[in-house]
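Data file: query-v9.cif. Format and content: mmCIF, C-alpha atoms.
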```cif
data_final
loop_
_atom_site.label_atom_id
_atom_site.label_comp_id
_atom_site.auth_asym_id
_atom_site.auth_seq_id
_atom_site.Cartn_x
_atom_site.Cartn_y
_atom_site.Cartn_z
CA MET K 133 -18.60 30.72 2.39
CA THR K 134 -21.12 28.85 4.53
CA LEU K 135 -22.69 25.79 2.97
CA THR K 136 -25.90 23.83 3.29
CA LEU K 137 -26.24 20.28 2.02
CA ARG K 138 -29.51 18.69 0.94
CA THR K 139 -30.96 16.09 -1.42
CA ILE K 140 -31.46 17.46 -4.93
CA SER K 141 -33.39 16.23 -7.96
CA ARG K 142 -31.70 14.37 -10.80
CA GLU K 143 -32.48 17.32 -13.05
CA GLN K 144 -30.66 19.74 -10.73
CA HIS K 145 -27.75 17.33 -10.46
CA LEU K 146 -27.48 16.88 -14.25
CA ALA K 147 -27.71 20.62 -14.89
CA TYR K 148 -24.85 21.18 -12.44
CA ILE K 149 -22.65 18.52 -14.12
CA GLN K 150 -23.43 20.05 -17.53
CA SER K 151 -22.26 23.46 -16.29
CA LEU K 152 -18.75 22.09 -15.62
CA PRO K 153 -15.87 21.48 -18.05
CA ALA K 154 -15.92 17.76 -17.03
CA ALA K 155 -16.75 15.31 -14.26
CA SER K 156 -16.41 11.56 -13.73
CA HIS K 157 -18.90 9.37 -15.59
CA MET K 158 -19.56 7.76 -12.19
CA GLN K 159 -20.93 11.03 -10.86
CA VAL K 160 -23.64 11.63 -13.46
CA PRO K 161 -27.19 10.91 -12.19
CA ALA K 162 -27.70 8.08 -14.72
CA TRP K 163 -24.82 6.10 -13.17
CA ALA K 164 -27.31 5.22 -10.40
CA ASP K 165 -29.41 3.34 -13.00
CA VAL K 166 -26.32 1.44 -14.17
CA LYS K 167 -25.66 0.35 -10.57
CA ALA K 168 -29.23 -0.85 -10.10
CA GLU K 169 -28.37 -3.12 -7.15
CA TRP K 170 -27.49 -0.06 -5.03
CA ARG K 171 -29.90 2.51 -3.64
CA SER K 172 -28.92 6.03 -4.67
CA GLU K 173 -29.27 9.68 -3.71
CA ASN K 174 -28.25 12.96 -5.36
CA LEU K 175 -26.67 15.45 -2.97
CA GLY K 176 -26.19 19.18 -3.50
CA TRP K 177 -24.11 21.77 -1.66
CA PHE K 178 -25.58 25.29 -1.64
CA ASP K 179 -23.86 28.60 -0.93
CA ASP K 180 -25.94 30.14 1.86
CA ARG K 181 -25.34 33.71 0.66
CA THR K 182 -26.49 33.25 -2.92
CA GLY K 183 -28.56 30.05 -2.68
CA GLU K 184 -26.50 28.78 -5.64
CA LEU K 185 -25.73 25.07 -6.16
CA VAL K 186 -21.91 24.87 -5.87
CA GLY K 187 -21.26 21.11 -5.61
CA ALA K 188 -22.96 17.76 -6.20
CA GLY K 189 -22.46 14.11 -5.41
CA LEU K 190 -24.00 10.81 -6.43
CA VAL K 191 -24.18 8.50 -3.41
CA LEU K 192 -24.70 4.77 -3.80
CA TYR K 193 -25.95 2.88 -0.73
CA ARG K 194 -25.21 -0.83 -0.26
CA GLN K 195 -27.15 -2.52 2.54
CA LEU K 196 -25.37 -4.79 5.00
CA PRO K 197 -26.83 -8.31 5.07
CA LYS K 198 -29.55 -8.74 7.73
CA ILE K 199 -29.40 -5.19 9.17
CA LYS K 200 -30.70 -1.83 7.94
CA ARG K 201 -27.30 -0.14 7.82
CA TYR K 202 -25.49 0.97 4.68
CA LEU K 203 -22.11 1.52 3.13
CA ALA K 204 -22.37 4.93 1.40
CA TYR K 205 -20.12 5.19 -1.64
CA LEU K 206 -19.32 8.21 -3.85
CA PRO K 207 -17.29 6.77 -6.76
CA GLU K 208 -14.82 9.33 -8.12
CA GLY K 209 -16.68 12.01 -6.23
CA PRO K 210 -18.19 14.13 -4.84
CA VAL K 211 -17.89 16.90 -7.45
CA ILE K 212 -16.89 19.81 -5.24
CA ASN K 213 -14.10 22.38 -4.97
CA TRP K 214 -11.47 20.04 -3.47
CA PHE K 215 -8.94 22.85 -3.12
CA ALA K 216 -11.28 25.05 -1.08
CA PRO K 217 -9.55 26.25 2.12
CA ASN K 218 -12.62 25.21 4.14
CA LEU K 219 -12.76 21.55 3.05
CA GLN K 220 -14.18 20.64 6.46
CA ASP K 221 -17.29 22.76 5.74
CA TRP K 222 -17.96 20.54 2.71
CA MET K 223 -17.29 17.22 4.44
CA GLU K 224 -19.03 17.69 7.80
CA PRO K 225 -22.60 18.25 6.50
CA MET K 226 -22.12 15.30 4.11
CA LEU K 227 -21.08 12.93 6.91
CA ALA K 228 -23.93 14.15 9.17
CA HIS K 229 -26.45 13.62 6.35
CA LEU K 230 -25.17 10.14 5.44
CA LYS K 231 -25.21 9.06 9.08
CA GLN K 232 -28.84 10.19 9.28
CA GLN K 233 -29.54 8.04 6.19
CA GLY K 234 -28.32 4.94 8.06
CA ALA K 235 -24.75 4.78 6.74
CA PHE K 236 -22.22 3.07 9.03
CA SER K 237 -19.28 3.92 6.75
CA VAL K 238 -18.57 6.33 3.87
CA LYS K 239 -16.21 5.66 0.96
CA MET K 240 -15.30 8.34 -1.57
CA GLY K 241 -12.76 8.90 -4.34
CA PRO K 242 -11.65 12.54 -4.59
CA PRO K 243 -11.12 13.28 -8.32
CA VAL K 244 -7.79 14.93 -7.49
CA ILE K 245 -4.58 14.05 -9.35
CA ILE K 246 -1.47 14.10 -7.21
CA ARG K 247 1.32 13.17 -9.67
CA ARG K 248 1.88 12.70 -13.41
CA TRP K 249 4.63 10.87 -15.29
CA ASP K 250 5.33 11.49 -18.98
CA ALA K 251 5.68 8.50 -21.32
CA ALA K 252 9.42 9.17 -21.84
CA SER K 253 10.10 8.94 -18.08
CA ILE K 254 8.12 5.71 -17.81
CA LYS K 255 10.05 4.17 -20.74
CA LYS K 256 13.33 5.08 -19.02
CA GLY K 257 12.00 3.54 -15.80
CA ILE K 258 11.06 0.30 -17.55
CA GLN K 259 14.65 -0.01 -18.82
CA ASP K 260 16.11 0.56 -15.32
CA PRO K 261 16.42 -2.74 -13.38
CA ASP K 262 16.20 -0.87 -10.04
CA VAL K 263 12.78 0.58 -10.91
CA LYS K 264 9.93 -1.73 -9.88
CA ARG K 265 7.02 0.70 -9.57
CA LEU K 266 5.84 4.01 -10.96
CA ARG K 267 6.54 5.60 -7.60
CA ASP K 268 10.25 4.74 -7.99
CA ILE K 269 10.41 7.24 -10.87
CA GLU K 270 10.53 10.94 -10.12
CA ALA K 271 7.21 12.45 -11.22
CA ASP K 272 7.30 15.03 -14.03
CA HIS K 273 4.39 17.00 -12.58
CA ILE K 274 3.35 17.25 -8.93
CA GLU K 275 0.23 18.99 -7.59
CA PRO K 276 1.24 20.37 -4.15
CA ARG K 277 -2.38 21.24 -3.31
CA ALA K 278 -3.28 17.54 -3.54
CA PHE K 279 -0.98 16.79 -0.58
CA GLU K 280 -2.81 19.47 1.41
CA VAL K 281 -6.14 17.81 0.59
CA ALA K 282 -4.77 14.47 1.86
CA ASP K 283 -3.51 16.10 5.07
CA LYS K 284 -6.86 17.79 5.71
CA LEU K 285 -8.77 14.54 5.18
CA ARG K 286 -6.48 12.65 7.59
CA ARG K 287 -6.92 15.33 10.23
CA MET K 288 -10.71 15.02 9.87
CA GLY K 289 -10.53 11.27 10.53
CA TRP K 290 -10.69 9.92 6.97
CA GLN K 291 -8.59 6.80 6.46
CA GLN K 292 -6.77 5.03 3.65
CA GLY K 293 -6.02 1.32 3.64
CA GLU K 294 -2.35 1.77 2.75
CA ASP K 295 -1.78 4.08 5.67
CA GLY K 296 -2.46 1.38 8.21
CA GLY K 297 -6.01 2.60 8.81
CA ALA K 298 -9.00 0.40 8.12
CA GLY K 299 -10.16 0.49 4.54
CA PHE K 300 -11.67 -1.75 1.91
CA GLY K 301 -8.96 -1.05 -0.67
CA ASP K 302 -9.51 1.00 -3.78
CA VAL K 303 -12.48 -0.04 -5.90
CA GLN K 304 -11.63 2.39 -8.73
CA PRO K 305 -8.13 2.51 -10.23
CA ARG K 306 -5.70 4.80 -8.46
CA TYR K 307 -3.39 4.96 -11.48
CA VAL K 308 -4.72 5.78 -14.94
CA PHE K 309 -3.22 6.60 -18.32
CA GLN K 310 -4.33 9.73 -20.15
CA VAL K 311 -3.56 11.41 -23.48
CA PRO K 312 -3.87 15.20 -23.08
CA LEU K 313 -5.59 16.81 -26.08
CA ALA K 314 -6.03 20.45 -25.01
CA ASN K 315 -4.04 22.96 -27.07
CA ARG K 316 -2.53 20.23 -29.25
CA SER K 317 -3.08 19.38 -32.90
CA LEU K 318 -3.96 15.83 -33.95
CA GLU K 319 -0.65 15.76 -35.84
CA GLU K 320 1.19 16.45 -32.57
CA VAL K 321 -0.74 13.71 -30.79
CA HIS K 322 0.03 11.22 -33.58
CA LYS K 323 3.70 12.25 -33.64
CA ASN K 324 3.89 11.52 -29.92
CA PHE K 325 2.88 7.87 -30.41
CA ASN K 326 5.87 5.55 -30.30
CA GLN K 327 7.21 3.98 -33.49
CA LEU K 328 5.44 0.67 -32.90
CA TRP K 329 2.04 2.36 -32.51
CA ARG K 330 2.51 4.44 -35.65
CA ARG K 331 3.65 1.36 -37.56
CA ASN K 332 0.67 -0.67 -36.33
CA ILE K 333 -1.82 2.06 -37.29
CA LYS K 334 -0.28 2.11 -40.78
CA LYS K 335 -0.35 -1.69 -40.96
CA ALA K 336 -4.08 -1.75 -40.08
CA GLU K 337 -4.81 0.91 -42.73
CA LYS K 338 -2.88 -1.02 -45.39
CA ALA K 339 -4.69 -4.25 -44.50
CA GLY K 340 -8.05 -2.49 -44.90
CA VAL K 341 -9.16 -2.58 -41.26
CA GLU K 342 -12.24 -0.37 -40.87
CA VAL K 343 -13.48 1.10 -37.61
CA VAL K 344 -17.25 1.52 -37.27
CA GLN K 345 -19.65 2.60 -34.54
CA GLY K 346 -22.35 0.23 -33.31
CA GLY K 347 -25.61 0.72 -31.44
CA TYR K 348 -27.71 -1.01 -28.79
CA TYR K 349 -28.43 -4.04 -31.01
CA ASP K 350 -24.71 -4.62 -31.55
CA LEU K 351 -24.10 -5.21 -27.85
CA GLU K 352 -24.55 -8.97 -28.36
CA GLU K 353 -21.64 -8.94 -30.80
CA TRP K 354 -19.68 -6.83 -28.27
CA GLN K 355 -20.44 -9.47 -25.61
CA ARG K 356 -19.13 -12.28 -27.84
CA LEU K 357 -15.74 -10.56 -28.16
CA TYR K 358 -15.72 -9.52 -24.49
CA GLU K 359 -16.29 -13.10 -23.31
CA ILE K 360 -13.44 -14.36 -25.54
CA THR K 361 -11.24 -11.73 -23.85
CA ALA K 362 -12.41 -12.79 -20.37
CA VAL K 363 -11.37 -16.41 -21.01
CA ARG K 364 -8.01 -15.35 -22.41
CA ASP K 365 -7.22 -12.80 -19.68
CA ARG K 366 -8.79 -14.84 -16.87
CA PHE K 367 -11.33 -12.39 -15.44
CA ARG K 368 -15.03 -12.74 -14.70
CA PRO K 369 -17.03 -10.95 -17.41
CA ARG K 370 -20.03 -8.75 -16.71
CA PRO K 371 -23.27 -10.07 -18.23
CA LEU K 372 -24.77 -8.66 -21.44
CA SER K 373 -27.63 -7.19 -19.37
CA TYR K 374 -25.11 -4.90 -17.60
CA PHE K 375 -23.98 -3.31 -20.88
CA GLN K 376 -27.58 -3.07 -22.14
CA ARG K 377 -28.56 -1.29 -18.94
CA MET K 378 -25.50 0.96 -19.18
CA TRP K 379 -26.30 1.91 -22.78
CA ALA K 380 -29.97 2.62 -22.05
CA ALA K 381 -29.33 4.58 -18.84
CA LEU K 382 -26.43 6.74 -20.03
CA ASN K 383 -27.71 7.50 -23.53
CA ASN K 384 -31.14 8.27 -22.18
CA GLU K 385 -29.54 10.99 -20.07
CA ASP K 386 -27.37 12.27 -22.94
CA PRO K 387 -27.50 10.68 -26.43
CA ASN K 388 -23.73 11.07 -26.73
CA ARG K 389 -22.75 9.65 -23.32
CA MET K 390 -21.82 6.13 -24.45
CA ARG K 391 -20.49 4.85 -27.77
CA LEU K 392 -19.59 1.42 -29.10
CA TYR K 393 -16.78 0.82 -31.59
CA PHE K 394 -15.74 -2.19 -33.68
CA ALA K 395 -12.59 -2.73 -35.71
CA ARG K 396 -13.32 -5.15 -38.53
CA HIS K 397 -11.37 -6.83 -41.29
CA ASN K 398 -13.01 -8.49 -44.30
CA GLY K 399 -16.38 -8.05 -42.59
CA VAL K 400 -15.29 -9.83 -39.37
CA ASN K 401 -15.25 -7.92 -36.08
CA LEU K 402 -11.85 -8.41 -34.44
CA SER K 403 -11.94 -5.93 -31.58
CA ALA K 404 -14.46 -3.70 -29.82
CA ALA K 405 -14.56 -0.96 -27.20
CA THR K 406 -16.97 1.22 -25.28
CA MET K 407 -16.37 4.96 -24.95
CA LEU K 408 -17.88 7.35 -22.39
CA VAL K 409 -18.16 11.12 -22.69
CA VAL K 410 -18.80 13.72 -19.96
CA GLY K 411 -18.00 17.26 -21.07
CA GLY K 412 -14.38 17.46 -22.17
CA HIS K 413 -13.38 14.15 -20.58
CA VAL K 414 -13.57 11.04 -22.79
CA TRP K 415 -12.88 7.52 -21.50
CA TYR K 416 -11.99 4.31 -23.24
CA SER K 417 -14.04 2.26 -20.83
CA TYR K 418 -14.14 -1.46 -21.76
CA GLY K 419 -12.15 -3.24 -24.45
CA ALA K 420 -12.45 -6.65 -26.09
CA SER K 421 -10.71 -8.56 -28.86
CA ASP K 422 -10.80 -11.90 -30.63
CA ASN K 423 -7.91 -14.37 -30.60
CA ILE K 424 -7.73 -14.14 -34.39
CA GLY K 425 -6.66 -11.34 -36.74
CA ARG K 426 -4.16 -9.76 -34.38
CA GLU K 427 -1.60 -9.42 -37.17
CA VAL K 428 -3.72 -6.66 -38.81
CA ARG K 429 -3.56 -4.60 -35.57
CA PRO K 430 -7.28 -3.88 -35.07
CA SER K 431 -6.84 -2.52 -31.52
CA ASN K 432 -4.38 0.19 -32.58
CA ALA K 433 -6.66 1.23 -35.45
CA MET K 434 -9.67 1.37 -33.13
CA GLN K 435 -7.89 3.44 -30.44
CA TRP K 436 -6.67 5.94 -33.06
CA ALA K 437 -10.21 6.29 -34.46
CA MET K 438 -11.66 6.76 -30.96
CA LEU K 439 -9.02 9.32 -30.09
CA ARG K 440 -9.74 11.26 -33.29
CA ASP K 441 -13.47 11.21 -32.49
CA ALA K 442 -12.76 12.41 -28.94
CA TYR K 443 -10.71 15.25 -30.42
CA ALA K 444 -13.54 16.14 -32.82
CA LEU K 445 -15.90 16.31 -29.82
CA GLY K 446 -13.63 18.95 -28.28
CA ALA K 447 -12.25 16.67 -25.57
CA THR K 448 -9.37 17.98 -23.46
CA VAL K 449 -8.32 14.47 -22.38
CA TYR K 450 -8.60 10.95 -23.78
CA ASP K 451 -8.52 8.63 -20.77
CA LEU K 452 -7.38 5.04 -21.21
CA ARG K 453 -8.44 4.26 -17.61
CA GLY K 454 -6.65 1.99 -15.20
CA ILE K 455 -3.08 0.75 -15.15
CA SER K 456 -1.11 -1.09 -12.48
CA ASP K 457 1.77 0.84 -10.90
CA SER K 458 4.04 -2.18 -11.42
CA LEU K 459 6.82 -1.81 -13.99
CA ASP K 460 8.01 -5.39 -13.48
CA GLU K 461 7.98 -7.18 -16.85
CA SER K 462 6.99 -10.47 -15.20
CA ASP K 463 3.81 -8.88 -13.76
CA HIS K 464 0.74 -10.06 -15.71
CA LEU K 465 -0.52 -6.44 -15.90
CA PHE K 466 2.73 -5.11 -17.37
CA GLY K 467 1.49 -5.53 -20.97
CA LEU K 468 -1.34 -3.09 -20.24
CA ILE K 469 0.92 -0.21 -19.24
CA GLN K 470 3.27 -1.02 -22.13
CA PHE K 471 0.37 -0.79 -24.62
CA LYS K 472 -0.90 2.49 -23.16
CA VAL K 473 2.54 4.12 -22.82
CA GLY K 474 2.86 3.73 -26.61
CA THR K 475 0.27 6.52 -27.04
CA GLY K 476 2.81 9.01 -25.65
CA GLY K 477 0.43 10.24 -22.94
CA GLN K 478 0.88 10.44 -19.18
CA ALA K 479 0.36 8.15 -16.23
CA ALA K 480 -1.61 9.95 -13.52
CA GLU K 481 -2.00 9.04 -9.86
CA TYR K 482 -5.19 10.02 -8.07
CA LEU K 483 -5.43 10.60 -4.32
CA GLY K 484 -7.06 7.18 -4.05
CA GLU K 485 -10.20 6.24 -2.15
CA TRP K 486 -10.87 7.24 1.46
CA ASP K 487 -13.07 5.70 4.15
CA PHE K 488 -14.80 7.36 7.08
CA PRO K 489 -16.10 4.89 9.69
CA LEU K 490 -19.29 6.37 11.18
CA ASN K 491 -19.74 3.18 13.22
CA LYS K 492 -16.29 1.76 13.98
CA LEU K 493 -17.53 -1.70 14.96
CA LEU K 494 -19.59 -2.27 11.79
CA HIS K 495 -16.84 -0.73 9.66
CA LYS K 496 -14.28 -3.14 11.14
CA ALA K 497 -16.64 -6.11 10.61
CA LEU K 498 -17.09 -5.20 6.94
CA ASP K 499 -13.36 -4.64 6.56
CA ILE K 500 -12.69 -8.19 7.81
CA TYR K 501 -15.43 -9.59 5.56
CA MET K 502 -14.01 -7.76 2.50
CA SER K 503 -10.45 -8.92 3.17
CA ARG K 504 -11.62 -12.57 3.21
CA ARG K 505 -13.40 -12.36 -0.15
#
```
Represent the supplied structure as structure tokens.
Amino acid sequence: MTLTLRTISREQHLAYIQSLPAASHMQVPAWADVKAEWRSENLGWFDDRTGELVGAGLVLYRQLPKIKRYLAYLPEGPVINWFAPNLQDWMEPMLAHLKQQGAFSVKMGPPVIIRRWDAASIKKGIQDPDVKRLRDIEADHIEPRAFEVADKLRRMGWQQGEDGGAGFGDVQPRYVFQVPLANRSLEEVHKNFNQLWRRNIKKAEKAGVEVVQGGYYDLEEWQRLYEITAVRDRFRPRPLSYFQRMWAALNNEDPNRMRLYFARHNGVNLSAATMLVVGGHVWYSYGASDNIGREVRPSNAMQWAMLRDAYALGATVYDLRGISDSLDESDHLFGLIQFKVGTGGQAAEYLGEWDFPLNKLLHKALDIYMSRR
């Protein structure tokens, strides 16, 4: 198959995404409106024989200070056939096009999963003092074709930070936690939760915790809980305007793209979360909770309600997003994996993000700048 790459309209891009079982929420055209501080472009790959659109990518361009050169970034993309034998025929026209657009470096995140670990294996690993990281545990599922993709990319000159090449480190999480829903009943999914999760869901029900959906005007209440969480967990919160823009942009493209959930007790909102939907892939995207009311387990109740809604939408996977690969109990991120493992799902490792320096000097300069931040 010979391929031609060219800029496509947002409508063409959206139609292509809608024709697929799923794609990353960062590769829908509206994601460009969420990332308003970046310039964007929609790319399409066409099969020369049929003229058919066979791949798409959302590119975000970030300008370097003082010069008209850009970092081109395809978060969790592009959306192409990554296992195609002729991967080079997909990559070469993209690099040539981006160079023409003034890019000095390209960063992309192939949406390819390389390994998966079941919850039971992770639990065993946590109990083993010799196990410090996910990688120390033998994976339950390995995708051999993913290793071929990595080899092909390296041979083409793509680099990964960990491999000693230049790289700005992964921006998106390399490790995520997912609950598979395809070909399973809700009863099976619930049965797979650990005892603590099932107990907490029951406790929330008994206490009268109710889970409700909110809309655009409830984002201020979301922000209140999110900022409490930011202080407690010591991270810098995004402003309210970011979530307002996200809601408007994504739901304008598809009225069911973004949802907002609250778990409340006696009329008081105790926890909140945002959910994103693209085809059969549903993400728990951002979470927030108050410092009060934890004893009625609002977060467990909310996750169970969101998971049931995802199932009702026909989702094949409920994605709890990023985890650290550290299984060290003293690591401040350990609680996150512990919470997510309780759902009985799987940890998944993506291929990670890859850089292609089109201008080695500028790429190196940015690499140094990024490492000092």
Residue by residue, what does the PyMOL selection byres ((chain K and resi 141) around 12) grab here? Present the result as number ranges by chain.
K: 138-140, 142-148, 161, 172-176, 185, 188-190
Residues within 12 Å of K:Arg440, please, as a ChimeraX atom specification. Count all atoms listed in the file; anything in the same chain fewer than 2 positions from it doesn't count.
/K:311,313,317-319,321-322,343,414,433-438,442-450
Please write the residues picked by the PyMOL selection byres ((chain K and resi 208) around 7) on this file as a ChimeraX atom specification.
/K:156,158-159,206-207,209-210,240-243
Could you write out the selected residues, including C-alpha atoms, as a PDB file, in the coordinates of the input?
```
ATOM      1  CA  SER K 156     -16.410  11.560 -13.730  1.00  0.00           C
ATOM      2  CA  MET K 158     -19.560   7.760 -12.190  1.00  0.00           C
ATOM      3  CA  GLN K 159     -20.930  11.030 -10.860  1.00  0.00           C
ATOM      4  CA  LEU K 206     -19.320   8.210  -3.850  1.00  0.00           C
ATOM      5  CA  PRO K 207     -17.290   6.770  -6.760  1.00  0.00           C
ATOM      6  CA  GLY K 209     -16.680  12.010  -6.230  1.00  0.00           C
ATOM      7  CA  PRO K 210     -18.190  14.130  -4.840  1.00  0.00           C
ATOM      8  CA  MET K 240     -15.300   8.340  -1.570  1.00  0.00           C
ATOM      9  CA  GLY K 241     -12.760   8.900  -4.340  1.00  0.00           C
ATOM     10  CA  PRO K 242     -11.650  12.540  -4.590  1.00  0.00           C
ATOM     11  CA  PRO K 243     -11.120  13.280  -8.320  1.00  0.00           C
TER      12      PRO K 243
END
```
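From atom CA of K:Gly477 back to atom CA of K:Asp460, the distance works out to 19.8 Å.
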Return as JSON, numbers by chain the set of residues that the PyMOL selection byres ((chain K and resi 235) around 6) yields on the displayed structure.
{"K": [201, 202, 203, 204, 230, 231, 233, 234, 236, 237]}
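For the atom pair formed by atom CA of K:Leu152 and atom CA of K:Asn213, the distance is 11.6 Å, given to one decimal.
Minimum atom-to-atom distance to K:Ala314, evaluated using all atoms listed in the file, belongs to K:Gly412 out of K:Ser253, K:Ser403, K:Asp180, K:Gly412.
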For K:Ala339, please output as a VMD selection string all residues within 12 Å (counting only C-alpha atoms; exclusion window: fewer than 5 positions along the same chain).
chain K and resid 332 to 334 395 to 398 425 to 430 433
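Candidate residues K:Ile246, K:Ile469, K:Asp422, K:Trp379 were compared for distance to K:Arg306, and the nearest is K:Ile246, using all atoms listed in the file.
Considering the residues K:Val238, K:Met223, K:Val211, K:Ala362 and counting all atoms listed in the file, K:Val160 has its shortest atom-to-atom contact with K:Val211.
One distance worth recording is that between atom CA of K:Val191 and atom CA of K:Glu224, which is 15.4 Å.
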